[in-house]
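Report on the following structure.
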Amino acid sequence: QVHLVESGGGLVQAGESLRLSCTASGRAFSDYAVGWFRQAPGKERDFVAAVSWSGGATYYSDSVKGRFVVSKHNAENMVYLQMNSLKPEDTAVYYCAADPSDYSSWFSRNKELKKNLEVWGQGTLVTVSS
């Protein structure tokens, strides 16, 4: 089974950039699609970005499209989330999750997660000050 660990969170100012890492261990990570999600204090968990098993296809929430870039590097067992032009409303705990199914089956039409993904990381906190 795949095990995920997020890292790279921290405190930054609005407008700055941060790169989150999701390190995978276990067998067949290359067969898994990966998603990034976030949960702000007192709010529900939201979808941020997803990448296909090969890394060749990506999908973003409307709130981060054009600012965040997700990439998957199977040879390194890594997934990155490059976050640019950060805003205070990006403050949240960020989680990566993986599942062997195609990410196109994960979401409803309004990009809400509808599938129980196989594995989740423990999360990393991102705080953006104004």
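In the structure tokens, chains take the letters A, B, ... in the order shown, each chain's residues start at 1, and ligands count up from 1 in the order shown.
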
Using only C-alpha atoms, which residues sit within 9 Å of Met83 (chain A) once same-chain residues fewer than 5 positions away are excluded, as a VMD selection string? chain A and resid 16 to 20 64 67 to 70

Run DSSP on the backbone and give me the residues of chain A it puts in strand (DSSP E or B), as a short mmCIF file (atom, residue, chain, number, x, y, z; two decimals) with N, CA, C and O atoms, in the first residue's frame.
data_model
loop_
_atom_site.label_atom_id
_atom_site.label_comp_id
_atom_site.auth_asym_id
_atom_site.auth_seq_id
_atom_site.Cartn_x
_atom_site.Cartn_y
_atom_site.Cartn_z
N HIS A 3 2.02 4.97 1.02
CA HIS A 3 2.01 5.84 2.19
C HIS A 3 2.47 7.22 1.76
O HIS A 3 3.43 7.32 0.99
N LEU A 4 1.79 8.27 2.22
CA LEU A 4 2.08 9.63 1.77
C LEU A 4 2.48 10.53 2.94
O LEU A 4 1.86 10.47 4.01
N VAL A 5 3.46 11.39 2.70
CA VAL A 5 3.88 12.37 3.70
C VAL A 5 4.03 13.72 3.02
O VAL A 5 4.80 13.85 2.06
N GLU A 6 3.30 14.72 3.51
CA GLU A 6 3.41 16.07 2.98
C GLU A 6 4.49 16.86 3.73
O GLU A 6 4.73 16.62 4.92
N SER A 7 5.08 17.81 3.04
CA SER A 7 6.03 18.72 3.66
C SER A 7 6.08 20.01 2.88
O SER A 7 5.52 20.10 1.78
N GLY A 10 4.39 26.34 5.69
CA GLY A 10 5.03 27.37 6.49
C GLY A 10 4.25 28.66 6.45
O GLY A 10 3.12 28.71 5.95
N LEU A 11 4.88 29.71 6.95
CA LEU A 11 4.29 31.04 7.00
C LEU A 11 4.92 31.92 5.92
O LEU A 11 6.15 32.05 5.87
N VAL A 12 4.09 32.48 5.06
CA VAL A 12 4.56 33.38 4.01
C VAL A 12 3.66 34.60 3.96
O VAL A 12 2.56 34.59 4.52
N GLN A 13 4.13 35.63 3.27
CA GLN A 13 3.32 36.82 3.08
C GLN A 13 2.53 36.73 1.78
O GLN A 13 2.91 36.00 0.86
N LEU A 18 5.27 29.24 -2.50
CA LEU A 18 5.64 28.13 -1.63
C LEU A 18 5.46 26.85 -2.44
O LEU A 18 4.54 26.77 -3.28
N ARG A 19 6.32 25.87 -2.22
CA ARG A 19 6.17 24.59 -2.89
C ARG A 19 5.96 23.49 -1.86
O ARG A 19 6.81 23.29 -0.98
N LEU A 20 4.85 22.80 -1.99
CA LEU A 20 4.57 21.66 -1.14
C LEU A 20 5.03 20.38 -1.83
O LEU A 20 4.95 20.27 -3.04
N SER A 21 5.49 19.44 -1.01
CA SER A 21 5.91 18.14 -1.51
C SER A 21 5.05 17.05 -0.90
O SER A 21 4.65 17.13 0.26
N CYS A 22 4.80 16.04 -1.70
CA CYS A 22 4.10 14.85 -1.23
C CYS A 22 5.01 13.67 -1.58
O CYS A 22 5.19 13.36 -2.77
N THR A 23 5.59 13.07 -0.55
CA THR A 23 6.53 11.97 -0.75
C THR A 23 5.80 10.66 -0.54
O THR A 23 5.16 10.45 0.49
N ALA A 24 5.94 9.77 -1.53
CA ALA A 24 5.24 8.49 -1.47
C ALA A 24 6.21 7.35 -1.21
O ALA A 24 7.36 7.38 -1.66
N SER A 25 5.74 6.37 -0.49
CA SER A 25 6.48 5.13 -0.32
C SER A 25 5.51 3.98 -0.53
O SER A 25 4.29 4.15 -0.41
N ALA A 33 -3.25 8.12 -9.31
CA ALA A 33 -3.49 9.55 -9.46
C ALA A 33 -3.41 10.19 -8.08
O ALA A 33 -3.66 9.53 -7.06
N VAL A 34 -3.06 11.46 -8.05
CA VAL A 34 -2.86 12.15 -6.77
C VAL A 34 -3.62 13.47 -6.78
O VAL A 34 -3.64 14.19 -7.78
N GLY A 35 -4.21 13.77 -5.65
CA GLY A 35 -4.91 15.04 -5.50
C GLY A 35 -4.39 15.81 -4.31
O GLY A 35 -3.86 15.23 -3.36
N TRP A 36 -4.51 17.12 -4.38
CA TRP A 36 -4.24 18.00 -3.26
C TRP A 36 -5.58 18.60 -2.80
O TRP A 36 -6.38 19.04 -3.62
N PHE A 37 -5.75 18.63 -1.48
CA PHE A 37 -6.94 19.17 -0.88
C PHE A 37 -6.52 20.08 0.27
O PHE A 37 -5.39 19.98 0.75
N ARG A 38 -7.41 20.95 0.70
CA ARG A 38 -7.07 21.81 1.83
C ARG A 38 -8.28 22.02 2.72
O ARG A 38 -9.43 21.94 2.26
N GLN A 39 -7.99 22.28 3.98
CA GLN A 39 -9.05 22.54 4.94
C GLN A 39 -8.65 23.72 5.81
O GLN A 39 -7.66 23.65 6.55
N ARG A 45 -13.28 20.51 3.96
CA ARG A 45 -12.15 20.24 3.08
C ARG A 45 -12.53 20.53 1.63
O ARG A 45 -13.61 20.14 1.17
N ASP A 46 -11.64 21.19 0.91
CA ASP A 46 -11.88 21.57 -0.48
C ASP A 46 -10.83 20.97 -1.41
O ASP A 46 -9.67 20.81 -1.02
N PHE A 47 -11.24 20.72 -2.60
CA PHE A 47 -10.32 20.26 -3.66
C PHE A 47 -9.44 21.41 -4.11
O PHE A 47 -9.90 22.55 -4.23
N VAL A 48 -8.17 21.12 -4.39
CA VAL A 48 -7.24 22.12 -4.89
C VAL A 48 -6.74 21.76 -6.29
O VAL A 48 -6.89 22.54 -7.23
N ALA A 49 -6.15 20.58 -6.42
CA ALA A 49 -5.56 20.20 -7.70
C ALA A 49 -5.44 18.68 -7.76
O ALA A 49 -5.36 18.01 -6.72
N ALA A 50 -5.40 18.14 -8.97
CA ALA A 50 -5.20 16.71 -9.15
C ALA A 50 -4.30 16.48 -10.35
O ALA A 50 -4.26 17.31 -11.29
N VAL A 51 -3.60 15.35 -10.33
CA VAL A 51 -2.71 14.99 -11.42
C VAL A 51 -2.90 13.51 -11.72
O VAL A 51 -3.11 12.69 -10.82
N THR A 58 -3.66 17.33 -15.71
CA THR A 58 -3.88 18.01 -14.43
C THR A 58 -5.26 18.66 -14.41
O THR A 58 -5.89 18.88 -15.46
N TYR A 59 -5.70 18.99 -13.21
CA TYR A 59 -7.06 19.51 -13.01
C TYR A 59 -7.00 20.41 -11.78
O TYR A 59 -6.33 20.06 -10.80
N TYR A 60 -7.67 21.57 -11.85
CA TYR A 60 -7.55 22.55 -10.76
C TYR A 60 -8.92 23.08 -10.34
O TYR A 60 -9.85 23.16 -11.15
N PHE A 68 -1.53 27.98 -9.10
CA PHE A 68 -0.91 26.77 -8.57
C PHE A 68 -0.60 25.82 -9.74
O PHE A 68 -1.34 25.78 -10.74
N VAL A 69 0.46 25.04 -9.57
CA VAL A 69 0.83 24.03 -10.56
C VAL A 69 1.15 22.73 -9.83
O VAL A 69 1.99 22.71 -8.92
N VAL A 70 0.49 21.65 -10.24
CA VAL A 70 0.74 20.33 -9.66
C VAL A 70 1.56 19.52 -10.66
O VAL A 70 1.35 19.61 -11.87
N SER A 71 2.51 18.75 -10.13
CA SER A 71 3.33 17.90 -10.99
C SER A 71 3.63 16.59 -10.28
O SER A 71 3.73 16.56 -9.04
N LYS A 72 3.76 15.53 -11.06
CA LYS A 72 4.03 14.19 -10.51
C LYS A 72 5.30 13.66 -11.15
O LYS A 72 5.44 13.69 -12.38
N HIS A 73 6.17 13.14 -10.30
CA HIS A 73 7.46 12.65 -10.76
C HIS A 73 7.60 11.20 -10.29
O HIS A 73 8.06 10.95 -9.16
N MET A 78 7.43 11.35 -6.11
CA MET A 78 7.10 12.67 -5.57
C MET A 78 5.97 13.33 -6.35
O MET A 78 5.85 13.16 -7.57
N VAL A 79 5.20 14.11 -5.64
CA VAL A 79 4.22 15.02 -6.24
C VAL A 79 4.45 16.39 -5.60
O VAL A 79 4.62 16.49 -4.38
N TYR A 80 4.45 17.42 -6.43
CA TYR A 80 4.66 18.77 -5.94
C TYR A 80 3.44 19.64 -6.21
O TYR A 80 2.73 19.44 -7.19
N LEU A 81 3.25 20.61 -5.34
CA LEU A 81 2.25 21.65 -5.57
C LEU A 81 2.96 22.98 -5.45
O LEU A 81 3.31 23.41 -4.34
N GLN A 82 3.23 23.61 -6.58
CA GLN A 82 3.85 24.93 -6.61
C GLN A 82 2.75 25.96 -6.47
O GLN A 82 1.85 26.04 -7.32
N MET A 83 2.84 26.76 -5.43
CA MET A 83 1.80 27.74 -5.14
C MET A 83 2.38 29.14 -5.29
O MET A 83 3.31 29.51 -4.57
N ALA A 92 -4.53 27.25 5.10
CA ALA A 92 -5.23 25.99 5.36
C ALA A 92 -4.20 24.90 5.65
O ALA A 92 -3.00 25.09 5.43
N VAL A 93 -4.69 23.77 6.11
CA VAL A 93 -3.89 22.55 6.12
C VAL A 93 -4.07 21.88 4.77
O VAL A 93 -5.21 21.67 4.32
N TYR A 94 -2.97 21.57 4.12
CA TYR A 94 -2.98 20.97 2.80
C TYR A 94 -2.67 19.47 2.91
O TYR A 94 -1.70 19.09 3.58
N TYR A 95 -3.48 18.68 2.22
CA TYR A 95 -3.33 17.23 2.24
C TYR A 95 -3.13 16.71 0.81
O TYR A 95 -3.79 17.20 -0.12
N CYS A 96 -2.28 15.72 0.65
CA CYS A 96 -2.26 14.99 -0.61
C CYS A 96 -2.94 13.64 -0.38
O CYS A 96 -2.93 13.10 0.73
N ALA A 97 -3.55 13.15 -1.44
CA ALA A 97 -4.26 11.88 -1.39
C ALA A 97 -4.05 11.16 -2.71
O ALA A 97 -3.85 11.80 -3.75
N ALA A 98 -4.10 9.85 -2.67
CA ALA A 98 -3.85 9.06 -3.87
C ALA A 98 -4.84 7.93 -3.99
O ALA A 98 -5.34 7.40 -2.99
N ASP A 99 -5.10 7.57 -5.23
CA ASP A 99 -6.04 6.47 -5.51
C ASP A 99 -5.68 5.90 -6.88
O ASP A 99 -5.30 6.65 -7.78
N PHE A 107 -14.80 13.43 -8.79
CA PHE A 107 -15.49 14.69 -8.47
C PHE A 107 -16.88 14.77 -9.08
O PHE A 107 -17.16 14.22 -10.13
N LEU A 113 -15.41 16.45 -3.93
CA LEU A 113 -14.93 15.08 -3.89
C LEU A 113 -16.07 14.14 -3.53
O LEU A 113 -16.74 14.33 -2.52
N VAL A 119 -5.73 6.51 0.04
CA VAL A 119 -4.74 6.88 1.04
C VAL A 119 -4.59 8.39 1.13
O VAL A 119 -4.67 9.09 0.10
N TRP A 120 -4.40 8.88 2.35
CA TRP A 120 -4.23 10.31 2.63
C TRP A 120 -2.96 10.52 3.45
O TRP A 120 -2.59 9.67 4.27
N THR A 124 -0.02 19.36 5.90
CA THR A 124 0.99 20.36 6.22
C THR A 124 0.31 21.73 6.21
O THR A 124 -0.49 22.02 5.34
N LEU A 125 0.65 22.55 7.20
CA LEU A 125 -0.03 23.83 7.38
C LEU A 125 0.62 24.93 6.56
O LEU A 125 1.84 25.13 6.61
N VAL A 126 -0.20 25.65 5.82
CA VAL A 126 0.22 26.82 5.08
C VAL A 126 -0.51 28.03 5.64
O VAL A 126 -1.74 28.02 5.72
N THR A 127 0.25 29.05 6.04
CA THR A 127 -0.34 30.28 6.57
C THR A 127 0.14 31.44 5.73
O THR A 127 1.36 31.63 5.56
N VAL A 128 -0.80 32.20 5.19
CA VAL A 128 -0.47 33.36 4.35
C VAL A 128 -0.93 34.61 5.08
O VAL A 128 -2.12 34.79 5.32
N SER A 129 0.02 35.47 5.41
CA SER A 129 -0.31 36.71 6.12
C SER A 129 -0.54 37.85 5.13
O SER A 129 0.05 37.88 4.06
#

For Ala40 (chain A), which residue out of A:Glu112, A:Asp90, A:Asp62, A:Glu76 is the nearest one, using only C-alpha atoms? A:Asp90

Min atom-atom distance to Gly9 (chain A) from the set A:Asn116, A:Ser63, A:Thr91, A:Ala75, counting only C-alpha atoms, belongs to A:Thr91

If you run DSSP over the backbone, which residues in chain A end up helix (DSSP H, G or I)? Put them as a PyMOL selection string. chain A and resi 29-31+74-76+88-90+103-105

Those same residues - all heavy atoms - I'd like them written as a tab-separated table (two decimals), in the first residue's frame.
chain	number	residue	atom	x	y	z
A	29	PHE	N	3.39	3.32	-6.87
A	29	PHE	CA	2.92	4.71	-6.81
A	29	PHE	C	2.68	5.26	-8.21
A	29	PHE	O	1.82	6.12	-8.40
A	29	PHE	CB	3.93	5.58	-6.06
A	29	PHE	CG	3.54	7.02	-5.99
A	29	PHE	CD1	2.42	7.41	-5.29
A	29	PHE	CD2	4.30	8.00	-6.61
A	29	PHE	CE1	2.06	8.74	-5.20
A	29	PHE	CE2	3.95	9.34	-6.54
A	29	PHE	CZ	2.83	9.71	-5.83
A	30	SER	N	3.40	4.79	-9.17
A	30	SER	CA	3.23	5.27	-10.54
A	30	SER	C	1.84	4.96	-11.09
A	30	SER	O	1.41	5.55	-12.08
A	30	SER	CB	4.30	4.70	-11.45
A	30	SER	OG	4.25	3.28	-11.45
A	31	ASP	N	1.13	4.03	-10.47
A	31	ASP	CA	-0.21	3.67	-10.92
A	31	ASP	C	-1.31	4.55	-10.31
A	31	ASP	O	-2.48	4.39	-10.64
A	31	ASP	CB	-0.52	2.21	-10.56
A	31	ASP	CG	0.36	1.24	-11.31
A	31	ASP	OD1	0.91	1.61	-12.37
A	31	ASP	OD2	0.53	0.10	-10.83
A	74	ASN	N	7.21	10.27	-11.13
A	74	ASN	CA	7.14	8.87	-10.70
A	74	ASN	C	8.50	8.28	-10.37
A	74	ASN	O	8.61	7.45	-9.47
A	74	ASN	CB	6.44	8.05	-11.77
A	74	ASN	CG	4.94	8.29	-11.80
A	74	ASN	OD1	4.31	8.57	-10.78
A	74	ASN	ND2	4.35	8.20	-12.97
A	75	ALA	N	9.53	8.69	-11.09
A	75	ALA	CA	10.85	8.14	-10.82
A	75	ALA	C	11.35	8.50	-9.42
A	75	ALA	O	12.17	7.77	-8.84
A	75	ALA	CB	11.84	8.64	-11.87
A	76	GLU	N	10.85	9.60	-8.89
A	76	GLU	CA	11.25	10.07	-7.55
A	76	GLU	C	10.20	9.76	-6.50
A	76	GLU	O	10.40	10.08	-5.32
A	76	GLU	CB	11.49	11.58	-7.60
A	76	GLU	CG	12.53	12.02	-8.61
A	76	GLU	CD	12.48	13.52	-8.83
A	76	GLU	OE1	11.66	14.21	-8.20
A	76	GLU	OE2	13.28	13.99	-9.66
A	88	PRO	N	-4.20	35.43	1.49
A	88	PRO	CA	-4.58	35.01	2.85
A	88	PRO	C	-5.64	33.92	2.86
A	88	PRO	O	-5.63	33.04	3.73
A	88	PRO	CB	-5.11	36.31	3.47
A	88	PRO	CG	-4.36	37.38	2.78
A	88	PRO	CD	-4.21	36.90	1.36
A	89	GLU	N	-6.53	33.92	1.88
A	89	GLU	CA	-7.57	32.88	1.81
A	89	GLU	C	-7.05	31.51	1.41
A	89	GLU	O	-7.78	30.53	1.43
A	89	GLU	CB	-8.71	33.31	0.87
A	89	GLU	CG	-8.25	33.74	-0.50
A	89	GLU	CD	-8.14	35.26	-0.60
A	89	GLU	OE1	-7.61	35.91	0.34
A	89	GLU	OE2	-8.57	35.81	-1.65
A	90	ASP	N	-5.77	31.42	1.07
A	90	ASP	CA	-5.14	30.12	0.81
A	90	ASP	C	-4.68	29.45	2.11
A	90	ASP	O	-4.22	28.31	2.08
A	90	ASP	CB	-3.94	30.29	-0.12
A	90	ASP	CG	-4.33	30.74	-1.53
A	90	ASP	OD1	-5.34	30.24	-2.05
A	90	ASP	OD2	-3.61	31.60	-2.08
A	103	TYR	N	-8.63	10.26	-11.85
A	103	TYR	CA	-9.18	11.37	-11.06
A	103	TYR	C	-10.47	11.94	-11.64
A	103	TYR	O	-11.22	12.61	-10.97
A	103	TYR	CB	-8.15	12.48	-10.82
A	103	TYR	CG	-7.77	13.32	-12.03
A	103	TYR	CD1	-8.66	14.22	-12.60
A	103	TYR	CD2	-6.50	13.24	-12.58
A	103	TYR	CE1	-8.32	14.99	-13.68
A	103	TYR	CE2	-6.14	14.01	-13.66
A	103	TYR	CZ	-7.05	14.88	-14.21
A	103	TYR	OH	-6.69	15.65	-15.30
A	104	SER	N	-10.73	11.66	-12.90
A	104	SER	CA	-11.97	12.16	-13.49
A	104	SER	C	-13.21	11.56	-12.83
A	104	SER	O	-14.30	12.11	-12.94
A	104	SER	CB	-12.00	11.88	-14.99
A	104	SER	OG	-11.97	10.49	-15.24
A	105	SER	N	-13.02	10.45	-12.12
A	105	SER	CA	-14.14	9.81	-11.42
A	105	SER	C	-14.28	10.26	-9.98
A	105	SER	O	-15.18	9.82	-9.27
A	105	SER	CB	-13.95	8.28	-11.45
A	105	SER	OG	-12.84	7.91	-10.65

One decimal, Å: what's the distance from CA of Gly26 (chain A) over to CA of Gly8 (chain A), could you say?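 We find that CA of Gly26 (chain A) and CA of Gly8 (chain A) lie 21.0 Å from each other.
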